[in-house]
>>> print(open('start-v8.txt').read())   # compact mmCIF, C-alpha atoms
# COMPACT_ATOMS: atom_id res chain seq x y z
CA MET V 1 117.69 76.96 108.05
CA ASP V 2 119.93 78.04 110.90
CA PRO V 3 119.11 75.97 114.00
CA ALA V 4 119.97 78.83 116.30
CA ALA V 5 117.26 81.40 116.74
CA PRO V 6 118.32 85.03 116.63
CA SER V 7 118.50 86.58 120.06
CA THR V 8 115.43 88.47 121.15
CA GLN V 9 117.82 91.34 121.74
CA ALA V 10 120.51 92.18 119.23
CA GLU V 11 123.16 93.88 121.34
CA ALA V 12 123.40 96.89 119.08
CA GLY V 13 119.67 97.53 119.09
CA ALA V 14 118.68 96.55 122.60
CA PRO V 15 116.72 99.18 124.50
CA ASP V 16 118.21 100.87 127.54
CA THR V 17 117.04 99.13 130.68
CA LEU V 18 117.78 101.77 133.24
CA CYS V 19 119.35 105.21 133.30
CA ARG V 20 121.39 106.33 136.29
CA PRO V 21 123.79 109.22 136.87
CA GLU V 22 126.69 106.89 136.04
CA GLY V 23 125.17 106.04 132.66
CA ALA V 24 122.64 103.88 130.81
CA TYR V 25 122.39 100.17 131.59
CA ARG V 26 121.38 97.51 129.10
CA VAL V 27 120.68 93.79 129.57
CA VAL V 28 121.77 91.44 126.78
CA LEU V 29 120.73 87.81 127.09
CA PRO V 30 123.57 85.28 126.91
CA ASP V 31 123.34 82.29 124.61
CA TRP V 32 123.04 78.84 126.17
CA GLY V 33 126.80 78.31 126.35
CA GLY V 34 127.22 81.64 128.13
CA TRP V 35 124.43 80.77 130.55
CA LEU V 36 126.07 77.43 131.39
CA ARG V 37 129.34 79.24 132.12
CA ILE V 38 127.49 81.58 134.48
CA LEU V 39 126.06 78.56 136.30
CA ASP V 40 129.46 76.86 136.40
CA GLY V 41 131.04 79.95 137.88
CA ALA V 42 128.38 80.05 140.60
CA ALA V 43 128.80 76.42 141.63
CA GLY V 44 130.35 75.93 145.04
CA ASP V 45 130.04 73.36 147.78
CA GLY V 46 126.64 74.78 148.76
CA ASP V 47 126.99 73.29 152.26
CA GLY V 48 124.86 74.98 154.87
CA GLU V 49 123.11 78.32 154.73
CA ASP V 50 126.34 80.26 154.23
CA GLY V 51 127.43 78.03 151.35
CA ALA V 52 124.07 78.31 149.61
CA GLN V 53 124.10 82.10 149.95
CA ALA V 54 127.62 82.22 148.53
CA ASP V 55 126.42 80.26 145.49
CA VAL V 56 123.56 82.73 144.99
CA ASP V 57 125.93 85.67 145.28
CA ARG V 58 128.30 84.17 142.70
CA LEU V 59 125.38 83.52 140.34
CA LEU V 60 124.18 87.11 140.62
CA GLN V 61 127.66 88.53 140.08
CA GLY V 62 128.29 86.22 137.12
CA TRP V 63 125.00 87.30 135.58
CA LEU V 64 125.77 90.99 136.01
CA ARG V 65 129.26 90.62 134.52
CA ARG V 66 128.11 88.67 131.46
CA ALA V 67 124.70 90.12 130.69
CA VAL V 68 124.80 93.78 131.69
CA ARG V 69 126.34 96.58 129.64
CA LEU V 70 126.95 100.19 130.70
CA ARG V 71 127.34 103.31 128.58
CA PRO V 72 128.78 106.15 130.68
CA PRO V 73 127.67 109.72 129.91
CA GLY V 74 129.28 110.94 126.70
CA ALA V 75 130.39 107.45 125.61
CA ALA V 76 129.29 106.10 122.24
CA GLU V 77 129.37 102.38 123.05
CA PHE V 78 128.06 100.06 125.72
CA ALA V 79 130.68 97.95 127.49
CA PRO V 80 130.69 95.17 130.11
CA LEU V 81 130.78 96.31 133.71
CA ALA V 82 134.24 96.90 135.12
CA SER V 83 133.10 95.84 138.59
CA VAL V 84 129.90 94.57 140.17
CA ALA V 85 130.92 94.18 143.81
CA ALA V 86 129.88 97.72 144.78
CA MET V 87 126.65 97.84 142.76
CA PRO V 88 123.68 99.05 144.86
CA ALA V 89 121.25 96.27 145.73
CA ASP V 90 118.25 98.02 144.19
CA LEU V 91 120.06 98.39 140.86
CA ALA V 92 121.17 94.74 140.88
CA ASP V 93 117.61 93.64 141.65
CA ALA V 94 116.21 95.76 138.81
CA LEU V 95 118.71 94.36 136.30
CA LEU V 96 118.04 90.81 137.47
CA ALA V 97 114.29 91.31 137.11
CA GLU V 98 114.79 92.66 133.59
CA GLY V 99 116.84 89.60 132.71
CA ALA V 100 114.09 87.31 133.99
CA ARG V 101 111.55 89.20 131.89
CA LEU V 102 113.68 88.86 128.77
CA PHE V 103 114.28 85.14 129.35
CA ASP V 104 110.54 84.63 129.68
CA ALA V 105 109.88 86.60 126.49
CA GLU V 106 112.48 84.55 124.61
CA ALA V 107 110.94 81.27 125.76
CA ARG V 108 107.43 82.41 124.79
CA ALA V 109 108.67 83.48 121.35
CA LEU V 110 110.17 80.03 120.76
CA ASP V 111 106.95 78.26 121.86
CA LEU V 112 108.75 74.91 122.23
CA ARG V 113 106.80 71.73 121.52
CA VAL V 114 108.17 68.27 122.28
CA THR V 115 107.08 65.07 120.53
CA ARG V 116 108.25 61.68 121.81
CA ASP V 117 108.02 58.45 119.82
CA GLY V 118 109.84 55.61 121.53
CA ASP V 119 113.51 56.54 121.72
CA THR V 120 113.14 59.47 119.33
CA VAL V 121 112.41 63.00 120.53
CA VAL V 122 111.61 65.93 118.24
CA LEU V 123 111.58 69.57 119.36
CA ARG V 124 109.74 72.12 117.26
CA CYS V 125 109.54 75.87 117.71
CA ALA V 126 107.10 78.52 116.54
CA ALA V 127 107.08 79.04 112.78
CA GLY V 128 108.44 82.57 113.01
CA SER V 129 111.23 81.78 115.48
CA GLY V 130 113.86 80.98 112.86
CA VAL V 131 114.65 77.65 114.53
CA SER V 132 114.53 74.37 112.62
CA ALA V 133 112.92 71.28 114.13
CA LEU V 134 115.52 69.21 115.98
CA ARG V 135 115.59 65.45 116.56
CA LEU V 136 117.38 63.69 119.41
CA ARG V 137 118.42 60.05 119.68
CA PRO V 138 119.81 57.94 122.53
CA LEU V 139 123.58 57.45 122.60
CA SER V 140 125.51 54.26 123.15
CA LEU V 141 127.67 53.98 126.26
CA ALA V 142 130.77 54.57 124.14
CA GLU V 143 129.25 57.71 122.60
CA ARG V 144 128.20 59.10 125.96
CA ASN V 145 131.62 58.40 127.48
CA ALA V 146 133.25 60.15 124.51
CA CYS V 147 131.23 63.25 125.46
CA LEU V 148 132.20 63.03 129.12
CA ARG V 149 135.83 61.92 129.05
CA PRO V 150 137.37 65.16 127.67
CA HIS V 151 135.63 67.13 130.42
CA LEU V 152 137.06 65.20 133.37
CA GLY V 153 140.29 66.17 135.06
CA LEU V 154 142.15 67.07 138.21
CA VAL V 155 142.42 70.63 139.50
CA ASP V 156 145.09 70.84 142.18
CA GLY V 157 144.65 67.12 142.72
CA VAL V 158 140.87 67.39 143.14
CA PRO V 159 138.56 65.61 140.64
CA SER V 160 136.77 68.15 138.45
CA VAL V 161 134.01 67.94 135.85
CA ASP V 162 133.46 70.65 133.24
CA ALA V 163 129.68 70.34 133.46
CA ALA V 164 129.01 73.00 130.83
CA GLY V 165 131.35 71.39 128.31
CA TYR V 166 129.83 67.96 128.94
CA GLU V 167 126.25 69.18 128.50
CA ILE V 168 127.10 70.93 125.24
CA ALA V 169 128.90 67.82 123.96
CA LEU V 170 126.01 65.56 125.01
CA VAL V 171 123.43 67.69 123.20
CA ALA V 172 125.62 68.01 120.09
CA ALA V 173 126.14 64.24 119.91
CA SER V 174 122.43 63.55 120.40
CA THR V 175 120.88 66.18 118.10
CA VAL V 176 120.39 66.51 114.35
CA LEU V 177 118.16 68.66 112.18
CA ALA V 178 114.83 66.87 111.79
CA GLU V 179 114.92 67.62 108.05
CA GLY V 180 118.06 66.37 106.36
CA GLY V 181 119.64 64.87 109.47
CA ARG V 182 122.61 67.23 109.65
CA ALA V 183 124.37 67.02 113.00
CA LEU V 184 124.88 70.19 115.00
CA GLY V 185 128.38 71.31 115.88
CA ARG V 186 129.21 72.17 119.46
CA ALA V 187 129.58 75.85 118.60
CA GLU V 188 126.07 75.81 117.11
CA VAL V 189 124.69 74.14 120.22
CA ALA V 190 126.41 76.64 122.53
CA ALA V 191 124.92 79.52 120.51
CA LEU V 192 121.31 78.33 120.94
CA PRO V 193 118.84 80.39 122.97
CA VAL V 194 118.86 79.42 126.63
CA ALA V 195 115.33 78.00 126.67
CA LEU V 196 116.06 75.76 123.68
CA GLY V 197 119.43 74.63 125.03
CA GLU V 198 117.92 73.75 128.40
CA ALA V 199 115.08 71.81 126.74
CA LEU V 200 117.52 69.86 124.56
CA ALA V 201 119.73 69.10 127.56
CA ARG V 202 116.78 67.74 129.55
CA GLU V 203 115.79 65.43 126.70
CA ALA V 204 119.38 64.34 125.98
CA ARG V 205 119.94 63.45 129.64
CA ALA V 206 116.66 61.54 129.79
CA LEU V 207 117.68 59.54 126.70
CA SER V 208 121.33 58.86 127.50
CA ASP V 209 122.27 59.98 131.02
CA PRO V 210 119.27 59.54 133.31
CA ASP V 211 119.72 59.99 137.04
CA ALA V 212 118.51 56.51 137.95
CA ALA V 213 120.40 56.04 141.22
CA ALA V 214 117.78 57.61 143.50
CA GLU V 215 114.97 55.59 141.95
CA ILE V 216 116.85 52.29 142.16
CA GLU V 217 118.00 52.97 145.73
CA ALA V 218 114.41 53.68 146.81
CA PHE V 219 113.10 50.46 145.26
CA LEU V 220 115.99 48.46 146.71
CA ALA V 221 115.45 49.89 150.20
CA ALA V 222 111.72 49.12 149.99
CA GLY V 223 112.35 45.57 148.80
CA LEU V 224 110.28 46.20 145.67
CA PRO V 225 111.03 44.67 142.26
CA HIS V 226 112.83 46.82 139.72
CA PRO V 227 113.97 45.57 136.28
CA ASP V 228 117.44 47.07 136.60
CA ILE V 229 117.97 45.43 140.00
CA GLU V 230 116.84 42.08 138.62
CA LEU V 231 119.08 42.43 135.57
CA ALA V 232 122.14 43.37 137.63
CA GLY V 233 121.50 40.49 140.02
CA LEU V 234 121.39 37.94 137.20
CA CYS V 235 124.55 39.31 135.61
CA LEU V 236 126.47 39.28 138.89
CA ALA V 237 125.22 35.87 140.01
CA TYR V 238 125.68 33.96 136.76
CA GLY V 239 128.34 35.81 134.81
CA LEU V 240 125.88 36.78 132.09
CA SER V 241 126.02 39.85 129.90
CA PRO V 242 122.96 42.12 130.07
CA ALA V 243 121.91 40.92 126.60
CA GLU V 244 122.18 37.27 127.69
CA ALA V 245 120.19 37.90 130.86
CA GLU V 246 117.46 39.79 129.01
CA ALA V 247 117.14 36.93 126.50
CA LEU V 248 116.12 34.48 129.24
CA PRO V 249 112.46 33.49 129.52
CA ALA V 250 110.89 35.79 132.09
CA ALA V 251 109.83 32.94 134.39
CA THR V 252 113.31 31.40 134.25
CA ALA V 253 114.93 34.73 135.05
CA ARG V 254 112.63 35.25 138.02
CA ARG V 255 113.36 31.77 139.45
CA LEU V 256 117.11 32.11 138.94
CA GLY V 257 117.08 35.52 140.55
CA ALA V 258 115.18 34.20 143.56
CA ALA V 259 117.54 31.23 143.85
CA ALA V 260 120.59 33.49 143.73
CA GLN V 261 119.15 35.64 146.52
CA LEU V 262 118.43 32.59 148.67
CA VAL V 263 121.89 31.14 148.10
CA GLY V 264 123.47 34.48 148.95
CA ALA V 265 121.33 34.88 152.07
CA ALA V 266 122.39 31.42 153.23
CA GLY V 267 126.00 32.53 153.09
CA SER V 268 126.98 30.07 150.39
CA ALA V 269 130.39 30.65 148.90
CA ALA V 270 129.42 28.80 145.74
CA THR V 271 130.27 30.88 142.68
CA PRO V 272 129.12 29.79 139.24
CA ALA V 273 132.10 28.13 137.64
CA ILE V 274 131.07 29.68 134.38
CA ALA V 275 132.21 33.11 135.58
CA ASN V 276 135.80 31.88 135.86
CA ARG V 277 136.03 30.32 132.41
CA PRO V 278 138.28 31.91 129.79
CA PRO V 279 136.54 34.48 127.56
CA ASP V 280 136.91 32.22 124.51
CA ASP V 281 135.40 29.17 126.23
CA PRO V 282 132.32 28.18 124.17
CA GLY V 283 130.50 27.34 127.37
CA ARG V 284 130.90 30.82 128.86
CA GLY V 285 127.52 32.49 129.12
CA ALA V 286 125.61 29.24 129.63
CA LEU V 287 123.67 28.90 132.86
CA PRO V 288 125.41 26.95 135.65
CA ASP V 289 124.28 23.36 135.18
CA THR V 290 123.66 22.45 138.81
CA LEU V 291 121.51 25.46 139.66
CA THR V 292 119.71 25.16 136.34
CA ARG V 293 118.67 21.60 137.15
CA ILE V 294 117.43 22.68 140.57
CA VAL V 295 115.50 25.77 139.51
CA VAL V 296 114.48 25.35 135.88
CA ARG V 297 111.85 22.65 135.65
CA ASP V 298 109.76 23.53 132.64
CA GLY V 299 112.09 25.75 130.55
>>> encode(input="start-v8.txt", output="structure tokens")
Amino acid sequence: MDPAAPSTQAEAGAPDTLCRPEGAYRVVLPDWGGWLRILDGAAGDGDGEDGAQADVDRLLQGWLRRAVRLRPPGAAEFAPLASVAAMPADLADALLAEGARLFDAEARALDLRVTRDGDTVVLRCAAGSGVSALRLRPLSLAERNACLRPHLGLVDGVPSVDAAGYEIALVAASTVLAEGGRALGRAEVAALPVALGEALAREARALSDPDAAAEIEAFLAAGLPHPDIELAGLCLAYGLSPAEAEALPAATARRLGAAAQLVGAAGSAATPAIANRPPDDPGRGALPDTLTRIVVRDG
């Protein structure tokens, strides 16, 4: 079964949205890839009230250019708008409202349902939607970086991220058909309905690219324990890999973490010698003997 649901509006059969002296207007919903490009085109610095308003204006103009078609009197076909800058505000508002209505109708027709079981997420749609159930999995760091790396670059010397390309790549790498396990190609992912693409992107980010910085910063500022802070502290203090640190007994890890904080607070320049050993040294990864004897009393 095709994972991409048919659009709620086939362009050839979509009803006229609004008739004006200059012709008949029609709104055609973009697919998810098209919607991401509209958002990308609207992105600016957003600084201050003027910057935020400029972003809104770009979003509206991008929407009108991509989603609205016009058939002038006597013409047989609908075509994209030649210009949107001079469009009357009431017409733009009416077309935007129609787009919102169609997006809502598309989402309701899909009737998305999400099931989570550990690190596996399954999205199912209404039986008559034409969309197969989709399963997502978490990516390794290498897999996630492979999605991101091609979408980084410099534009006139300024770092740039193709956010739309990265999101499509992330979803494609994370998603397979729940039945049969066939992976989705990026073109298939880009052609998904907007509501389904956005839902998949949210789940893929939660599995493989969570925005953890704000949470960790808040816990760190409040002096509260957080497992990622504890893990990073052990790795930095003792030259351990995350896997080695997580394999420690919990009580040992807590005592070593506390000792490292106290030593650091005292301004000690002592660095575990283990961190400076060659990578092939069989002793690399063992806990520093001196601190182990001081802190670890009962294993």
>>> atom_distance(input="start-v8.txt", atom1="atom CA of Asp162 of chain V", atom2="atom CA of Gly33 of chain V")
12.3 Å
>>> axis_aligned_box(input="start-v8.txt", around="segment 239-254 of chain V", padding_each_side="8 Å", output="AutoDock Vina command-line options")
--center_x 119.1 --center_y 36.8 --center_z 132.3 --size_x 34.5 --size_y 26.7 --size_z 27.5
>>> residues_around(input="start-v8.txt", residues="Glu188 of chain V", least_positions_apart="2", cutoff="12 Å", atoms="all atoms listed in the file", output="PDB file with C-alpha atoms, keeping the file's coordinate frame")
ATOM      1  CA  ASP V   2     119.930  78.040 110.900  1.00  0.00           C
ATOM      2  CA  PRO V   3     119.110  75.970 114.000  1.00  0.00           C
ATOM      3  CA  ALA V   4     119.970  78.830 116.300  1.00  0.00           C
ATOM      4  CA  ALA V   5     117.260  81.400 116.740  1.00  0.00           C
ATOM      5  CA  ASP V  31     123.340  82.290 124.610  1.00  0.00           C
ATOM      6  CA  TRP V  32     123.040  78.840 126.170  1.00  0.00           C
ATOM      7  CA  GLY V  33     126.800  78.310 126.350  1.00  0.00           C
ATOM      8  CA  VAL V 131     114.650  77.650 114.530  1.00  0.00           C
ATOM      9  CA  ILE V 168     127.100  70.930 125.240  1.00  0.00           C
ATOM     10  CA  ALA V 169     128.900  67.820 123.960  1.00  0.00           C
ATOM     11  CA  VAL V 171     123.430  67.690 123.200  1.00  0.00           C
ATOM     12  CA  ALA V 172     125.620  68.010 120.090  1.00  0.00           C
ATOM     13  CA  ALA V 173     126.140  64.240 119.910  1.00  0.00           C
ATOM     14  CA  THR V 175     120.880  66.180 118.100  1.00  0.00           C
ATOM     15  CA  VAL V 176     120.390  66.510 114.350  1.00  0.00           C
ATOM     16  CA  LEU V 177     118.160  68.660 112.180  1.00  0.00           C
ATOM     17  CA  ARG V 182     122.610  67.230 109.650  1.00  0.00           C
ATOM     18  CA  ALA V 183     124.370  67.020 113.000  1.00  0.00           C
ATOM     19  CA  LEU V 184     124.880  70.190 115.000  1.00  0.00           C
ATOM     20  CA  GLY V 185     128.380  71.310 115.880  1.00  0.00           C
ATOM     21  CA  ARG V 186     129.210  72.170 119.460  1.00  0.00           C
ATOM     22  CA  ALA V 190     126.410  76.640 122.530  1.00  0.00           C
ATOM     23  CA  ALA V 191     124.920  79.520 120.510  1.00  0.00           C
ATOM     24  CA  LEU V 192     121.310  78.330 120.940  1.00  0.00           C
ATOM     25  CA  PRO V 193     118.840  80.390 122.970  1.00  0.00           C
ATOM     26  CA  LEU V 196     116.060  75.760 123.680  1.00  0.00           C
ATOM     27  CA  GLY V 197     119.430  74.630 125.030  1.00  0.00           C
TER      28      GLY V 197
END
>>> residues_around(input="start-v8.txt", residues="segment 228-230 of chain V", least_positions_apart="6", cutoff="12 Å", atoms="only C-alpha atoms", output="PyMOL selection string")
chain V and resi 212-213+215-221+236-237+242+245-246+250+253-258+260-261
>>> residues_around(input="start-v8.txt", residues="Arg108 of chain V", least_positions_apart="4", cutoff="12 Å", atoms="all atoms listed in the file", output="NGL selection string")
:V and (8 or 101-104 or 112-113 or 125-126 or 128-129 or 193-196)
>>> write_last_selection(input="start-v8.txt", atoms="C-alpha atoms", output="PDB file, keeping the file's coordinate frame")
ATOM      1  CA  THR V   8     115.430  88.470 121.150  1.00  0.00           C
ATOM      2  CA  ARG V 101     111.550  89.200 131.890  1.00  0.00           C
ATOM      3  CA  LEU V 102     113.680  88.860 128.770  1.00  0.00           C
ATOM      4  CA  PHE V 103     114.280  85.140 129.350  1.00  0.00           C
ATOM      5  CA  ASP V 104     110.540  84.630 129.680  1.00  0.00           C
ATOM      6  CA  LEU V 112     108.750  74.910 122.230  1.00  0.00           C
ATOM      7  CA  ARG V 113     106.800  71.730 121.520  1.00  0.00           C
ATOM      8  CA  CYS V 125     109.540  75.870 117.710  1.00  0.00           C
ATOM      9  CA  ALA V 126     107.100  78.520 116.540  1.00  0.00           C
ATOM     10  CA  GLY V 128     108.440  82.570 113.010  1.00  0.00           C
ATOM     11  CA  SER V 129     111.230  81.780 115.480  1.00  0.00           C
ATOM     12  CA  PRO V 193     118.840  80.390 122.970  1.00  0.00           C
ATOM     13  CA  VAL V 194     118.860  79.420 126.630  1.00  0.00           C
ATOM     14  CA  ALA V 195     115.330  78.000 126.670  1.00  0.00           C
ATOM     15  CA  LEU V 196     116.060  75.760 123.680  1.00  0.00           C
TER      16      LEU V 196
END
>>> residues_near_point(input="start-v8.txt", point="(126.5, 66.1, 124.5)", cutoff="12 Å", atoms="only C-alpha atoms", output="NGL selection string")
:V and (136-140 or 143-151 or 163-176 or 183-187 or 189-190 or 197 or 200-205 or 207-209)
>>> build_atoms(input="start-v8.txt", residues="segment 114-145 of chain V", atoms="N, CA and C atoms", output="compact mmCIF listing (two decimals), keeping the file's coordinate frame")
# COMPACT_ATOMS: atom_id res chain seq x y z
N VAL V 114 107.39 69.50 122.26
CA VAL V 114 108.17 68.27 122.28
C VAL V 114 107.28 67.10 121.89
N THR V 115 107.78 66.29 120.95
CA THR V 115 107.08 65.07 120.53
C THR V 115 107.98 63.88 120.79
N ARG V 116 107.46 62.87 121.50
CA ARG V 116 108.25 61.68 121.81
C ARG V 116 107.61 60.47 121.13
N ASP V 117 108.46 59.68 120.47
CA ASP V 117 108.02 58.45 119.82
C ASP V 117 109.07 57.39 120.08
N GLY V 118 108.84 56.60 121.14
CA GLY V 118 109.84 55.61 121.53
C GLY V 118 111.11 56.30 121.99
N ASP V 119 112.23 55.95 121.35
CA ASP V 119 113.51 56.54 121.72
C ASP V 119 113.84 57.79 120.92
N THR V 120 112.90 58.28 120.14
CA THR V 120 113.14 59.47 119.33
C THR V 120 112.36 60.65 119.90
N VAL V 121 113.03 61.78 120.02
CA VAL V 121 112.41 63.00 120.53
C VAL V 121 112.60 64.10 119.50
N VAL V 122 111.53 64.81 119.19
CA VAL V 122 111.61 65.93 118.24
C VAL V 122 111.15 67.20 118.95
N LEU V 123 111.95 68.26 118.83
CA LEU V 123 111.58 69.57 119.36
C LEU V 123 111.29 70.50 118.20
N ARG V 124 110.13 71.14 118.28
CA ARG V 124 109.74 72.12 117.26
C ARG V 124 109.46 73.45 117.94
N CYS V 125 109.76 74.52 117.20
CA CYS V 125 109.54 75.87 117.71
C CYS V 125 108.51 76.57 116.84
N ALA V 126 108.08 77.73 117.29
CA ALA V 126 107.10 78.52 116.54
C ALA V 126 107.63 78.81 115.14
N ALA V 127 106.70 78.89 114.18
CA ALA V 127 107.08 79.04 112.78
C ALA V 127 107.94 80.27 112.54
N GLY V 128 107.69 81.34 113.24
CA GLY V 128 108.44 82.57 113.01
C GLY V 128 109.69 82.72 113.85
N SER V 129 110.09 81.66 114.56
CA SER V 129 111.23 81.78 115.48
C SER V 129 112.57 81.69 114.78
N GLY V 130 112.59 81.16 113.55
CA GLY V 130 113.86 80.98 112.86
C GLY V 130 114.61 79.75 113.28
N VAL V 131 113.98 78.85 114.04
CA VAL V 131 114.65 77.65 114.53
C VAL V 131 114.08 76.43 113.82
N SER V 132 114.96 75.61 113.26
CA SER V 132 114.53 74.37 112.62
C SER V 132 114.10 73.35 113.67
N ALA V 133 113.26 72.39 113.25
CA ALA V 133 112.92 71.28 114.13
C ALA V 133 114.17 70.44 114.36
N LEU V 134 114.33 69.96 115.58
CA LEU V 134 115.52 69.21 115.98
C LEU V 134 115.11 67.84 116.50
N ARG V 135 115.89 66.82 116.14
CA ARG V 135 115.59 65.45 116.56
C ARG V 135 116.73 64.93 117.42
N LEU V 136 116.38 64.27 118.52
CA LEU V 136 117.38 63.69 119.41
C LEU V 136 117.26 62.17 119.40
N ARG V 137 118.38 61.50 119.61
CA ARG V 137 118.42 60.05 119.68
C ARG V 137 119.23 59.63 120.91
N PRO V 138 119.00 58.42 121.42
CA PRO V 138 119.81 57.94 122.53
C PRO V 138 121.21 57.58 122.06
N LEU V 139 122.19 57.78 122.92
CA LEU V 139 123.58 57.45 122.60
C LEU V 139 123.94 56.08 123.16
N SER V 140 124.93 55.46 122.56
CA SER V 140 125.51 54.26 123.15
C SER V 140 126.39 54.67 124.32
N LEU V 141 126.78 53.69 125.13
CA LEU V 141 127.67 53.98 126.26
C LEU V 141 128.97 54.59 125.77
N ALA V 142 129.52 54.04 124.67
CA ALA V 142 130.77 54.57 124.14
C ALA V 142 130.61 56.02 123.69
N GLU V 143 129.49 56.34 123.05
CA GLU V 143 129.25 57.71 122.60
C GLU V 143 129.10 58.66 123.78
N ARG V 144 128.37 58.23 124.80
CA ARG V 144 128.20 59.10 125.96
C ARG V 144 129.52 59.32 126.68
N ASN V 145 130.32 58.26 126.82
CA ASN V 145 131.62 58.40 127.48
C ASN V 145 132.55 59.30 126.67
